[in-house]
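J.: Quick one, structure-v5.cif (mmCIF, C-alpha atoms):
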data_upload
#
loop_
_atom_site.label_atom_id
_atom_site.label_comp_id
_atom_site.auth_asym_id
_atom_site.auth_seq_id
_atom_site.Cartn_x
_atom_site.Cartn_y
_atom_site.Cartn_z
CA MET V 1 26.97 -23.31 -30.11
CA SER V 2 26.14 -21.76 -26.81
CA GLU V 3 22.52 -21.33 -25.89
CA ALA V 4 20.85 -18.32 -24.44
CA PHE V 5 19.71 -18.12 -20.85
CA GLN V 6 17.58 -15.69 -18.85
CA TYR V 7 19.05 -13.00 -16.68
CA GLU V 8 17.62 -10.39 -14.34
CA LEU V 9 19.42 -7.39 -12.96
CA VAL V 10 17.67 -5.73 -10.02
CA THR V 11 18.48 -3.08 -7.42
CA PRO V 12 16.42 -2.48 -4.26
CA GLU V 13 14.85 0.56 -5.93
CA ARG V 14 13.98 -0.95 -9.30
CA GLN V 15 14.54 -3.58 -11.96
CA VAL V 16 17.36 -2.41 -14.19
CA GLY V 17 17.28 -5.06 -16.85
CA ASP V 18 16.15 -8.51 -17.84
CA GLY V 19 16.20 -10.63 -20.95
CA GLU V 20 18.30 -13.23 -22.70
CA ALA V 21 22.03 -13.45 -22.74
CA VAL V 22 24.59 -15.94 -23.99
CA GLU V 23 27.39 -14.85 -21.71
CA ILE V 24 27.71 -12.73 -18.61
CA VAL V 25 30.96 -11.80 -16.93
CA LEU V 26 30.62 -11.09 -13.22
CA PRO V 27 33.00 -9.43 -10.77
CA GLY V 28 33.05 -12.12 -8.09
CA GLU V 29 34.46 -11.49 -4.64
CA GLU V 30 37.23 -13.96 -5.44
CA GLY V 31 37.80 -12.93 -9.02
CA ASP V 32 35.90 -12.35 -12.23
CA PHE V 33 34.05 -15.25 -13.74
CA GLY V 34 32.07 -15.83 -16.87
CA VAL V 35 28.68 -17.54 -16.97
CA LEU V 36 27.39 -19.51 -19.94
CA ALA V 37 24.19 -21.49 -20.26
CA GLY V 38 24.20 -24.60 -18.11
CA HIS V 39 26.64 -23.18 -15.57
CA ALA V 40 26.85 -25.08 -12.29
CA PRO V 41 24.62 -23.53 -9.57
CA VAL V 42 26.56 -20.87 -7.74
CA MET V 43 25.79 -18.28 -5.09
CA ALA V 44 28.39 -15.60 -5.39
CA GLN V 45 29.06 -12.34 -3.66
CA LEU V 46 30.04 -9.53 -5.99
CA ARG V 47 32.67 -6.89 -5.38
CA PRO V 48 32.40 -3.41 -6.90
CA GLY V 49 33.12 -3.89 -10.58
CA LEU V 50 31.82 -4.32 -14.07
CA ILE V 51 29.06 -6.68 -15.16
CA GLU V 52 29.32 -7.44 -18.85
CA ILE V 53 26.44 -8.97 -20.74
CA ARG V 54 26.65 -10.48 -24.21
CA THR V 55 23.14 -10.86 -25.55
CA ARG V 56 23.90 -12.55 -28.86
CA GLU V 57 26.44 -15.07 -30.05
CA GLY V 58 29.39 -13.64 -31.93
CA GLU V 59 28.62 -10.06 -31.00
CA ASP V 60 30.46 -7.81 -28.65
CA PHE V 61 29.25 -7.26 -25.08
CA SER V 62 26.16 -5.17 -25.60
CA ARG V 63 25.79 -3.98 -22.07
CA ARG V 64 28.27 -2.95 -19.45
CA VAL V 65 27.13 -1.76 -16.05
CA PHE V 66 29.14 -0.87 -13.02
CA VAL V 67 27.77 -2.22 -9.75
CA LYS V 68 28.69 -1.29 -6.20
CA GLY V 69 28.47 -4.87 -5.06
CA GLY V 70 25.73 -7.41 -4.55
CA PHE V 71 24.91 -11.06 -5.04
CA ALA V 72 24.53 -13.35 -8.01
CA GLN V 73 22.50 -16.52 -8.06
CA VAL V 74 23.43 -18.67 -11.01
CA SER V 75 21.39 -21.72 -11.80
CA GLY V 76 21.47 -23.69 -15.04
CA GLU V 77 18.83 -21.72 -16.84
CA ARG V 78 18.72 -18.41 -14.98
CA VAL V 79 20.98 -15.78 -13.51
CA ILE V 80 19.64 -13.41 -10.89
CA LEU V 81 21.78 -10.42 -10.08
CA LEU V 82 20.86 -8.57 -6.91
CA VAL V 83 23.03 -5.49 -6.88
CA GLU V 84 23.24 -2.48 -4.64
CA GLU V 85 23.41 0.23 -7.23
CA CYS V 86 24.08 0.44 -10.94
CA LEU V 87 26.05 3.08 -12.78
CA ASP V 88 26.67 3.44 -16.46
CA PRO V 89 30.45 3.74 -16.79
CA ALA V 90 30.05 5.58 -20.10
CA GLU V 91 28.19 8.36 -18.32
CA THR V 92 30.67 8.87 -15.56
CA SER V 93 33.49 11.30 -16.05
CA LEU V 94 36.81 10.28 -14.62
CA GLU V 95 37.68 13.82 -13.58
CA ASP V 96 34.49 14.17 -11.64
CA LEU V 97 35.02 10.85 -9.98
CA LYS V 98 38.56 11.74 -8.97
CA LYS V 99 37.28 14.88 -7.30
CA ARG V 100 34.72 12.86 -5.40
CA ILE V 101 37.33 10.32 -4.38
CA HIS V 102 39.47 13.15 -3.09
CA ALA V 103 36.53 14.60 -1.13
CA ARG V 104 35.78 11.21 0.38
CA GLU V 105 39.42 10.70 1.33
CA ILE V 106 39.26 13.93 3.31
CA ASP V 107 36.03 12.67 4.93
CA LEU V 108 37.82 9.49 5.88
CA ASP V 109 40.59 11.44 7.60
CA ASP V 110 38.05 13.61 9.40
CA ALA V 111 35.76 10.75 10.37
CA ARG V 112 34.70 11.07 13.98
CA ASP V 113 33.48 7.55 14.63
CA ASP V 114 33.64 4.05 13.19
CA LEU V 115 30.33 4.43 11.41
CA GLU V 116 31.48 7.42 9.40
CA ARG V 117 34.80 5.75 8.68
CA ALA V 118 33.11 2.59 7.45
CA ALA V 119 30.76 4.58 5.21
CA ALA V 120 33.66 6.51 3.69
CA GLU V 121 35.66 3.35 3.17
CA ARG V 122 32.74 1.67 1.45
CA ASP V 123 32.30 4.61 -0.90
CA LEU V 124 36.01 4.76 -1.61
CA ALA V 125 36.11 1.07 -2.45
CA TRP V 126 33.63 1.36 -5.28
CA MET V 127 34.82 4.75 -6.45
CA ARG V 128 38.37 3.49 -6.76
CA ALA V 129 37.22 0.36 -8.57
CA LEU V 130 35.28 2.49 -11.03
CA ALA V 131 38.16 4.90 -11.53
CA GLU V 132 40.46 1.98 -12.27
CA ILE V 133 38.07 0.66 -14.89
CA LEU V 134 37.69 4.08 -16.49
CA GLU V 135 41.44 4.61 -16.59
CA ARG V 136 41.96 1.24 -18.19
CA GLY V 137 39.33 2.17 -20.77
CA ILE V 138 36.51 -0.08 -21.85
CA MET M 1 -37.30 23.46 13.81
CA ALA M 2 -33.87 24.94 13.14
CA SER M 3 -33.89 28.64 12.40
CA LEU M 4 -32.62 30.01 9.11
CA LYS M 5 -29.56 31.39 10.77
CA ASP M 6 -28.64 28.02 12.29
CA LEU M 7 -29.05 26.33 8.95
CA ARG M 8 -26.85 28.88 7.20
CA ALA M 9 -24.16 28.36 9.81
CA ARG M 10 -24.32 24.59 9.42
CA ILE M 11 -24.10 24.73 5.65
CA ALA M 12 -21.08 27.02 5.88
CA SER M 13 -19.35 24.69 8.31
CA VAL M 14 -19.99 21.57 6.21
CA LYS M 15 -18.71 23.45 3.17
CA SER M 16 -15.44 24.31 4.84
CA THR M 17 -15.07 20.69 5.99
CA GLN M 18 -15.63 19.60 2.41
CA LYS M 19 -12.89 21.95 1.25
CA ILE M 20 -10.45 20.36 3.68
CA THR M 21 -11.31 16.77 2.76
CA LYS M 22 -11.07 17.64 -0.90
CA ALA M 23 -7.64 19.17 -0.44
CA MET M 24 -6.51 16.12 1.55
CA LYS M 25 -7.74 13.87 -1.21
CA MET M 26 -5.73 15.78 -3.80
CA VAL M 27 -2.61 15.67 -1.67
CA ALA M 28 -3.04 11.95 -1.04
CA ALA M 29 -3.52 11.33 -4.76
CA SER M 30 -0.29 13.02 -5.70
CA LYS M 31 1.62 11.34 -2.87
CA LEU M 32 0.07 8.05 -3.85
CA ARG M 33 1.53 8.18 -7.32
CA ARG M 34 5.06 8.52 -6.00
CA ALA M 35 4.58 5.93 -3.26
CA GLN M 36 3.01 3.48 -5.67
CA GLU M 37 5.87 3.79 -8.12
CA ALA M 38 8.39 3.26 -5.34
CA ALA M 39 6.53 0.22 -4.01
CA GLU M 40 6.12 -1.42 -7.39
CA ALA M 41 9.70 -0.73 -8.44
CA ALA M 42 10.98 -2.36 -5.26
CA ARG M 43 9.00 -5.56 -5.72
CA PRO M 44 11.30 -7.44 -8.14
CA TYR M 45 14.33 -7.16 -5.85
CA ALA M 46 12.45 -8.29 -2.78
CA GLU M 47 10.82 -11.16 -4.65
CA ARG M 48 14.07 -12.41 -6.16
CA MET M 49 15.76 -12.09 -2.81
CA GLU M 50 12.99 -14.11 -1.24
CA GLU M 51 13.30 -16.82 -3.90
CA ILE M 52 16.99 -17.08 -3.28
CA MET M 53 16.52 -17.24 0.46
CA ARG M 54 13.93 -19.98 0.14
CA ALA M 55 16.14 -22.00 -2.14
CA LEU M 56 18.98 -21.58 0.34
CA ALA M 57 16.84 -22.30 3.38
CA SER M 58 15.89 -25.65 1.94
CA ALA M 59 19.40 -26.39 0.68
CA VAL M 60 21.26 -25.59 3.87
CA VAL M 61 21.28 -28.48 6.29
CA ALA M 62 19.59 -27.47 9.50
CA ASP M 63 22.38 -28.40 11.85
CA GLU M 64 23.61 -26.52 14.88
CA ASN M 65 26.04 -24.44 12.88
CA ALA M 66 23.46 -23.19 10.43
CA PRO M 67 22.82 -19.47 10.78
CA LYS M 68 19.92 -18.87 13.16
CA LEU M 69 18.47 -16.08 11.02
CA LEU M 70 17.92 -18.64 8.28
CA VAL M 71 16.71 -21.75 10.06
CA GLY M 72 15.44 -20.28 13.32
CA THR M 73 16.09 -21.36 16.86
CA GLY M 74 14.24 -24.62 16.40
CA ARG M 75 11.44 -23.51 18.70
CA SER M 76 8.36 -21.40 18.20
CA ASP M 77 7.42 -20.46 21.76
CA ARG M 78 8.08 -16.78 21.68
CA HIS M 79 6.73 -14.69 18.85
CA LEU M 80 7.58 -11.19 17.83
CA LEU M 81 4.94 -9.35 15.86
CA VAL M 82 6.17 -6.34 13.97
CA VAL M 83 3.10 -4.24 13.25
CA ALA M 84 3.66 -1.52 10.69
CA THR M 85 0.99 1.18 10.64
CA SER M 86 0.86 4.82 9.66
CA GLU M 87 1.92 7.91 11.57
CA ARG M 88 -1.19 9.84 10.67
CA GLY M 89 -4.88 9.15 10.86
CA LEU M 90 -7.71 10.02 8.52
CA CYS M 91 -7.00 7.13 6.23
CA GLY M 92 -10.14 5.08 6.55
CA GLY M 93 -9.80 1.50 7.70
CA PHE M 94 -6.11 1.29 6.89
CA ASN M 95 -4.73 1.04 10.42
CA THR M 96 -7.75 -0.85 11.74
CA ASN M 97 -7.31 -3.58 9.16
CA ILE M 98 -3.64 -4.13 9.88
CA VAL M 99 -4.23 -4.11 13.61
CA ARG M 100 -7.09 -6.56 13.24
CA ALA M 101 -4.90 -8.99 11.30
CA ALA M 102 -2.21 -8.68 13.95
CA ARG M 103 -4.75 -9.12 16.75
CA ARG M 104 -6.15 -12.27 15.25
CA HIS M 105 -2.66 -13.71 14.96
CA ALA M 106 -1.72 -12.65 18.47
CA ASP M 107 -4.90 -14.01 20.04
CA ARG M 108 -4.43 -17.35 18.33
CA LEU M 109 -0.87 -17.61 19.54
CA LEU M 110 -1.87 -16.62 23.06
CA ALA M 111 -4.63 -19.21 23.04
CA GLU M 112 -2.01 -21.79 22.12
CA GLY M 113 -0.09 -20.72 25.18
CA ARG M 114 2.76 -19.05 23.37
CA ASP M 115 4.43 -15.83 24.32
CA VAL M 116 3.72 -12.79 22.18
CA ARG M 117 5.54 -9.51 22.07
CA ILE M 118 4.76 -6.64 19.79
CA LEU M 119 7.01 -4.12 18.12
CA CYS M 120 5.12 -1.25 16.54
CA VAL M 121 6.36 0.78 13.63
CA GLY M 122 4.20 3.86 13.38
CA LYS M 123 2.27 5.25 16.31
CA LYS M 124 -1.31 4.86 15.05
CA GLY M 125 -1.42 1.11 15.55
CA ALA M 126 0.52 1.41 18.78
CA ALA M 127 -2.29 3.27 20.56
CA VAL M 128 -4.81 0.49 19.94
CA LEU M 129 -2.42 -2.39 20.58
CA ARG M 130 -1.20 -0.81 23.82
CA ARG M 131 -4.73 -0.70 25.10
CA LEU M 132 -5.33 -4.33 24.17
CA TYR M 133 -2.03 -5.92 25.07
CA GLY M 134 -0.46 -3.44 27.48
CA GLU M 135 3.02 -4.48 28.41
CA ARG M 136 3.37 -6.83 25.46
CA VAL M 137 3.84 -3.79 23.23
CA PHE M 138 7.37 -3.11 24.36
CA GLU M 139 8.56 -0.68 21.76
CA VAL M 140 7.27 1.79 19.21
CA ILE M 141 9.50 2.95 16.40
CA ASP M 142 8.35 6.37 15.29
CA LEU M 143 8.96 7.16 11.64
CA GLY M 144 7.09 10.46 11.80
CA HIS M 145 10.21 12.44 11.01
CA VAL M 146 10.85 10.52 7.81
CA ARG M 147 9.69 12.46 4.81
CA ARG M 148 10.69 10.07 2.07
CA LEU M 149 11.12 6.48 3.08
CA GLY M 150 14.55 5.16 2.21
CA TYR M 151 16.34 1.86 2.54
CA ARG M 152 18.22 3.28 5.47
CA ASP M 153 15.05 3.72 7.53
CA ALA M 154 14.11 0.10 6.93
CA ASP M 155 17.63 -0.93 7.79
CA GLU M 156 17.29 0.74 11.19
CA VAL M 157 14.11 -1.18 11.94
CA ALA M 158 15.73 -4.39 10.74
CA ALA M 159 18.80 -3.71 12.88
CA ARG M 160 16.53 -3.41 15.92
CA ILE M 161 14.88 -6.75 15.10
CA ARG M 162 18.28 -8.40 14.58
CA HIS M 163 19.48 -7.04 17.89
CA LEU M 164 16.46 -8.48 19.71
CA TYR M 165 17.02 -11.78 17.97
CA GLU M 166 20.65 -11.90 18.99
CA GLU M 167 19.58 -11.21 22.56
CA GLN M 168 17.31 -14.24 22.14
CA GLU M 169 14.18 -12.30 22.91
CA PHE M 170 12.05 -14.28 20.47
CA ASP M 171 11.99 -17.33 18.18
CA VAL M 172 9.75 -16.30 15.32
CA ALA M 173 9.23 -12.85 13.83
CA THR M 174 6.30 -11.87 11.64
CA ILE M 175 5.65 -8.49 10.06
CA PHE M 176 2.17 -7.11 9.47
CA TYR M 177 1.49 -4.54 6.79
CA ALA M 178 -0.98 -3.71 4.03
CA ARG M 179 -0.02 -4.83 0.57
CA PHE M 180 -0.91 -2.26 -2.03
CA LYS M 181 -3.21 -3.56 -4.74
CA SER M 182 -5.00 -0.44 -5.88
CA ALA M 183 -6.18 2.84 -4.41
CA LEU M 184 -9.38 1.04 -3.44
CA THR M 185 -7.96 -2.22 -2.11
CA GLN M 186 -5.15 -2.80 0.31
CA ILE M 187 -4.66 -6.29 1.59
CA PRO M 188 -3.54 -6.75 5.20
CA THR M 189 -0.64 -9.17 4.97
CA ALA M 190 1.44 -11.15 7.42
CA ARG M 191 4.91 -12.20 6.39
CA GLN M 192 7.26 -14.32 8.40
CA LEU M 193 10.70 -12.73 8.65
CA ILE M 194 12.59 -15.10 10.89
CA PRO M 195 13.21 -17.93 10.22
CA VAL M 196 13.01 -17.77 6.46
CA PRO M 197 9.75 -19.51 5.56
CA ILE M 198 9.82 -22.61 3.38
CA GLU M 199 6.25 -22.75 2.10
CA ASP M 200 6.51 -23.32 -1.58
CA LYS M 201 6.85 -27.02 -2.28
CA ASP M 202 8.25 -26.55 -5.78
CA THR M 203 11.04 -24.20 -4.87
CA ALA M 204 11.78 -26.25 -1.81
CA GLU M 205 12.22 -29.35 -3.90
CA ALA M 206 14.14 -27.58 -6.64
CA GLY M 207 16.39 -25.93 -4.08
CA GLY M 208 16.81 -29.11 -2.14
CA GLU M 209 18.14 -30.97 -5.10
CA THR M 210 20.53 -28.29 -6.14
CA ALA M 211 23.97 -28.43 -4.63
CA TRP M 212 24.93 -24.80 -4.44
CA GLU M 213 28.48 -23.73 -4.75
CA PHE M 214 29.35 -20.72 -2.68
CA GLU M 215 31.88 -18.09 -3.46
CA PRO M 216 33.24 -17.10 -1.02
CA GLU M 217 32.30 -19.90 1.38
CA GLU M 218 28.78 -20.45 2.62
CA GLU M 219 29.16 -18.84 6.05
CA ALA M 220 30.59 -15.61 4.68
CA ILE M 221 27.91 -15.25 2.05
CA LEU M 222 25.08 -16.07 4.42
CA ALA M 223 26.45 -13.66 6.97
CA GLU M 224 26.11 -10.92 4.35
CA LEU M 225 22.94 -12.11 2.72
CA LEU M 226 20.75 -12.82 5.76
CA PRO M 227 20.81 -9.39 7.41
CA ARG M 228 20.35 -7.84 3.98
CA ASN M 229 17.36 -10.04 3.29
CA LEU M 230 15.75 -8.94 6.55
CA SER M 231 16.26 -5.28 5.73
CA VAL M 232 14.94 -5.77 2.22
CA GLN M 233 11.79 -7.50 3.44
CA VAL M 234 11.18 -4.76 6.00
CA PHE M 235 11.84 -2.15 3.34
CA ARG M 236 9.37 -3.79 1.03
CA ALA M 237 6.72 -3.93 3.75
CA LEU M 238 7.20 -0.26 4.63
CA LEU M 239 7.04 0.84 1.00
CA GLU M 240 3.87 -1.17 0.39
CA ASN M 241 2.45 0.33 3.56
CA ALA M 242 3.27 3.87 2.48
CA ALA M 243 1.50 3.37 -0.84
CA SER M 244 -1.46 1.68 0.85
CA GLU M 245 -1.78 4.48 3.38
CA GLN M 246 -2.03 7.12 0.68
CA GLY M 247 -4.44 4.98 -1.30
CA ALA M 248 -6.64 4.42 1.74
CA ARG M 249 -6.54 8.10 2.62
CA MET M 250 -7.46 9.07 -0.91
CA THR M 251 -10.45 6.74 -0.92
CA ALA M 252 -11.54 7.82 2.57
CA MET M 253 -11.26 11.49 1.76
CA ASP M 254 -13.08 10.99 -1.52
CA SER M 255 -16.08 9.47 0.20
CA ALA M 256 -15.90 12.11 2.94
CA THR M 257 -16.05 14.80 0.27
CA ARG M 258 -18.99 13.07 -1.35
CA ASN M 259 -20.78 12.71 1.99
CA ALA M 260 -20.26 16.40 2.68
CA GLY M 261 -21.73 17.17 -0.73
CA GLU M 262 -24.82 15.12 0.02
CA LEU M 263 -25.20 16.75 3.41
CA ILE M 264 -24.93 20.20 1.85
CA ASP M 265 -27.63 19.32 -0.67
CA LYS M 266 -29.90 18.09 2.07
CA LEU M 267 -29.30 21.11 4.26
CA THR M 268 -29.80 23.49 1.36
CA LEU M 269 -33.12 21.85 0.58
CA GLN M 270 -34.16 22.16 4.19
CA TYR M 271 -32.99 25.76 4.24
CA ASN M 272 -35.04 26.61 1.17
CA ARG M 273 -38.12 24.86 2.54
CA THR M 274 -37.81 26.71 5.82
CA ARG M 275 -37.37 30.00 4.01
CA GLN M 276 -40.53 29.31 1.97
CA ALA M 277 -42.40 28.35 5.10
CA VAL M 278 -41.37 31.55 6.80
CA ILE M 279 -42.48 33.62 3.82
CA THR M 280 -45.80 31.78 3.63
CA LYS M 281 -46.34 32.24 7.32
CA GLU M 282 -45.68 35.97 7.08
CA LEU M 283 -48.08 36.27 4.14
CA ILE M 284 -50.78 34.42 6.04
CA GLU M 285 -50.27 36.69 8.99
CA ILE M 286 -50.55 39.79 6.79
CA ILE M 287 -53.62 38.48 4.95
CA SER M 288 -55.45 37.36 8.06
CA GLY M 289 -54.48 40.66 9.68
CA ALA M 290 -56.02 42.52 6.71
CA GLU M 291 -59.14 40.37 6.82
CA ALA M 292 -59.64 41.04 10.49
CA ILE M 293 -59.94 44.74 9.89
#
Please render this file's structure as C-alpha cells.
T.:
Amino acid sequence: MSEAFQYELVTPERQVGDGEAVEIVLPGEEGDFGVLAGHAPVMAQLRPGLIEIRTREGEDFSRRVFVKGGFAQVSGERVILLVEECLDPAETSLEDLKKRIHAREIDLDDARDDLERAAAERDLAWMRALAEILERGI
Amino acid sequence: MASLKDLRARIASVKSTQKITKAMKMVAASKLRRAQEAAEAARPYAERMEEIMRALASAVVADENAPKLLVGTGRSDRHLLVVATSERGLCGGFNTNIVRAARRHADRLLAEGRDVRILCVGKKGAAVLRRLYGERVFEVIDLGHVRRLGYRDADEVAARIRHLYEEQEFDVATIFYARFKSALTQIPTARQLIPVPIEDKDTAEAGGETAWEFEPEEEAILAELLPRNLSVQVFRALLENAASEQGARMTAMDSATRNAGELIDKLTLQYNRTRQAVITKELIEIISGAEAI
C-alpha cells in the first residue's frame, strides 16, 4: 500500500543513517507527526525526542534514535533530518541519566551568568525528555 | 674549493634538517588522517543544510520582512571577506593559495569601486593581507590555542560575523578556504555566506514551486535555522582547511626531505672527490719529493 521513500539522518559530525523507509515518526516542536511517502512539503523544527523509522511495510519500527533537537525537511520523495546529536536509547541507562540530570540541576542553581544557565537548561531539556521516554519504556 | 672539514659540517647540518622535516612529515601524516576523517564526516550535514537553505531562499518571497541573513540587504556595495588560513607555516603553498584567491576577489571588487573589508581567521594569512590592504584587515581571529577544532570554535567565528552583519558593517560575506581533495591537492575555494546564494537553477526552480509548510511558523524556524546554517558553513570551511593544511604540510615536508636527501648525496660525492684529490695531491708531493733527491 504505502511506498518507500528516501531518508537521511545527519549530525554536524557525521552521517548517522540513510536508506529507505515507509514511515518515520518525528518529534516536532508542536507535537509528534508521522511521515509517509508523498507527504506535503514541510520544514519542521524538532524538539528533543525520539525519531522512529519503519523500513518495511508491516514490520515494527526497526530503528529508534533519540535526538537532542534539529530540523526536518520533508518533501514528497525525501526526508532530510538535520539533528544536533543522536543517542541510542537502548544504550542509555536510566540510573546514569538521572545522576547526570541531578548534577546538571545543581549546575543550574550554581550558574554564574546567563550563558551557563542557558547551557544547563538546554542539557536538562533533552535529558529530561530522554528520561521520560526511558521510564515509559519503548 | 671547500675544505674537507667544511664539507663534513655541511653534510651534518643538512642531515639534521632532514631529520626534522621527516619528523614533521610523519606528524602531519598522522594528524592528516584525523583531520580528513573529520572533514569528510562533516560534509553530508553541511551539504544537506545548504540544499535546504537554497530551497528556502528561492521559496521565501524577498520582501522587506524576509530575514536579512537569507536574502541579504539588497545591495552589494560593501563586502566582507573571511579569509581562513593556518596558524603555522611550513605547509607549502597552502596559505599563499588561499590568500591569492582572496586577493584576486578583493582586487576585482575594489576595481569595481566597492568597499572591501577583511576578517582573517588564522594569523598566517593576516600578515600578508595586512601588508597589502592595511586598514582593510580590521580583525584577526586567532585559533592558535585550539587543539581540536570543534563546532563551538566555528560558532564563535560565525557569531562575530553575525554581529558585524547586525551592525550593518557589510552587505555580502564570502569565506575563503582550501577544500581538501587529497594530500596532494587542495583547492582554494570561495563560498558566499551571506546572503544565501541561489546558483543552482534546478534547485531554485524545484524550491520555487514547492509551497513549504512551516512548523512552527516561518519566522521562528528561519530565526533558528539561519544562524545555525552560518555556523555550519564556517565549521565546514574550517574543517576542510585543517585537513588541507596537514595535507599540504605533509607534501611540502616530503619534498623537503627528498631535497635534503639529494643534497646529501651531492655533498657526499663532492666530499669523496675532494678527499681523493687531497690523497692524490699528497702522493704526488711525496713522489716528486723522492724523485728530486
J.: Between M:Ala242, M:Val71, M:Ala101, M:Ala23, which is the closest to M:Val121 once you count only C-alpha atoms?
T.: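 So, comparing all the options, the nearest one is M:Ala242.
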J.: List every residue of chain M that has an atom at most 8 Å from any atom of chain V, and for each one report the closest atom pair and its distance in Å to one decimal, counting all atoms listed in the file, with rows sorted by chain and then by increasing residue number, as a Markdown table.
T.:
| residue | atom | partner | partner_atom | distance |
| --- | --- | --- | --- | --- |
| M:Ala38 | CA | V:Glu13 | CA | 7.0 |
| M:Ala41 | CA | V:Arg14 | CA | 4.4 |
| M:Ala42 | CA | V:Glu13 | CA | 4.9 |
| M:Arg43 | CA | V:Arg14 | CA | 7.7 |
| M:Pro44 | CA | V:Gln15 | CA | 6.3 |
| M:Tyr45 | CA | V:Pro12 | CA | 5.4 |
| M:Ala46 | CA | V:Pro12 | CA | 7.2 |
| M:Arg48 | CA | V:Ile80 | CA | 7.4 |
| M:Met49 | CA | V:Leu82 | CA | 7.4 |
| M:Ile52 | CA | V:Gln73 | CA | 7.3 |
| M:Thr210 | CA | V:Pro41 | CA | 7.2 |
| M:Ala211 | CA | V:Pro41 | CA | 7.0 |
| M:Trp212 | CA | V:Pro41 | CA | 5.3 |
| M:Glu213 | CA | V:Val42 | CA | 4.6 |
| M:Phe214 | CA | V:Met43 | CA | 4.9 |
| M:Glu215 | CA | V:Ala44 | CA | 4.7 |
| M:Pro216 | CA | V:Ala44 | CA | 6.7 |
| M:Ile221 | CA | V:Gln45 | CA | 6.5 |
| M:Val232 | CA | V:Pro12 | CA | 7.4 |
J.: Can you tell me how far atom CA of M:Ala183 sits from atom CA of M:Ala154, in Å to one decimal?
T.: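 These two atoms are separated by 23.4 Å.
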J.: Kindly resolve the PyMOL selection byres ((chain V and resi 129-132) around 12) on the present coordinates and return the residues as number ranges by chain.
T.: V: 27, 47-51, 65-69, 86-102, 122-128, 133-138
J.: For atom CA of V:Glu77 and atom CA of V:Phe33, quote the distance in Å rounded to one decimal.
T.: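 About the pair atom CA of V:Glu77 and atom CA of V:Phe33: they are 16.8 Å apart.
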J.: For the structure provided, state which residues fall under the PyMOL selection byres ((chain V and resi 58) around 12), and present them as a ChimeraX atom specification.
T.: /V:1-3,21-23,54-57,59-62
J.: List, as a list in words, every residue that the PyMOL selection byres ((chain M and resi 258) around 12) selects in the file provided.
T.: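 For this structure, the PyMOL selection byres ((chain M and resi 258) around 12) captures Val14, Lys15, Thr17, Gln18, Lys19, Thr21, Lys22, Lys25, Thr251, Ala252, Met253, Asp254, Ser255, Ala256, Thr257, Asn259, Ala260, Gly261, Glu262, Leu263, Ile264 and Asp265 of chain M.
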J.: How would you write as a ChimeraX atom specification the residues that get within 8 Å of (17.8, -11.1, -20.0) in the file's frame, counting all atoms listed in the file?
T.: /V:5-8,17-21,55
J.: Distance atom CA of M:Ile98-atom CA of M:Leu32, one decimal place?
T.: 18.7 Å
J.: List as a PyMOL selection string the protein and nucleic acid residues near M:Tyr133, meaning an atom at most 12 Å away when all atoms listed in the file are counted, but skip any in the same chain fewer than 4 places from it.
T.: chain M and resi 99+102-103+106-107+110+115-119+125-129+137-138
J.: Could you name the residues that touch V:Gly34 at 7 Å or less, counting all atoms listed in the file, but leaving out those on the same chain fewer than 2 positions away, as an NGL selection string?
T.: :V and (23-26 or 32 or 36)
J.: Which residue is closest to V:Gly38? Choose from V:Arg78, V:Asp107, V:Glu121, V:Asp113 and count only C-alpha atoms.
T.: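 Of V:Arg78, V:Asp107, V:Glu121, V:Asp113, the one nearest V:Gly38, counting only C-alpha atoms, is V:Arg78.
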J.: Within 10 Å of M:Glu219, counting all atoms listed in the file, which residues qualify if same-chain residues fewer than 5 places away don't, as a PDB file with C-alpha atoms, in the coordinates of the input?
T.:
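So the final result, stored in out-v6.pdb, reads:
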ATOM      1  CA  ASN M  65      26.040 -24.440  12.880  1.00  0.00           C
ATOM      2  CA  ALA M  66      23.460 -23.190  10.430  1.00  0.00           C
ATOM      3  CA  PRO M  67      22.820 -19.470  10.780  1.00  0.00           C
ATOM      4  CA  PHE M 214      29.350 -20.720  -2.680  1.00  0.00           C
ATOM      5  CA  GLU M 224      26.110 -10.920   4.350  1.00  0.00           C
ATOM      6  CA  LEU M 225      22.940 -12.110   2.720  1.00  0.00           C
TER       7      LEU M 225
END
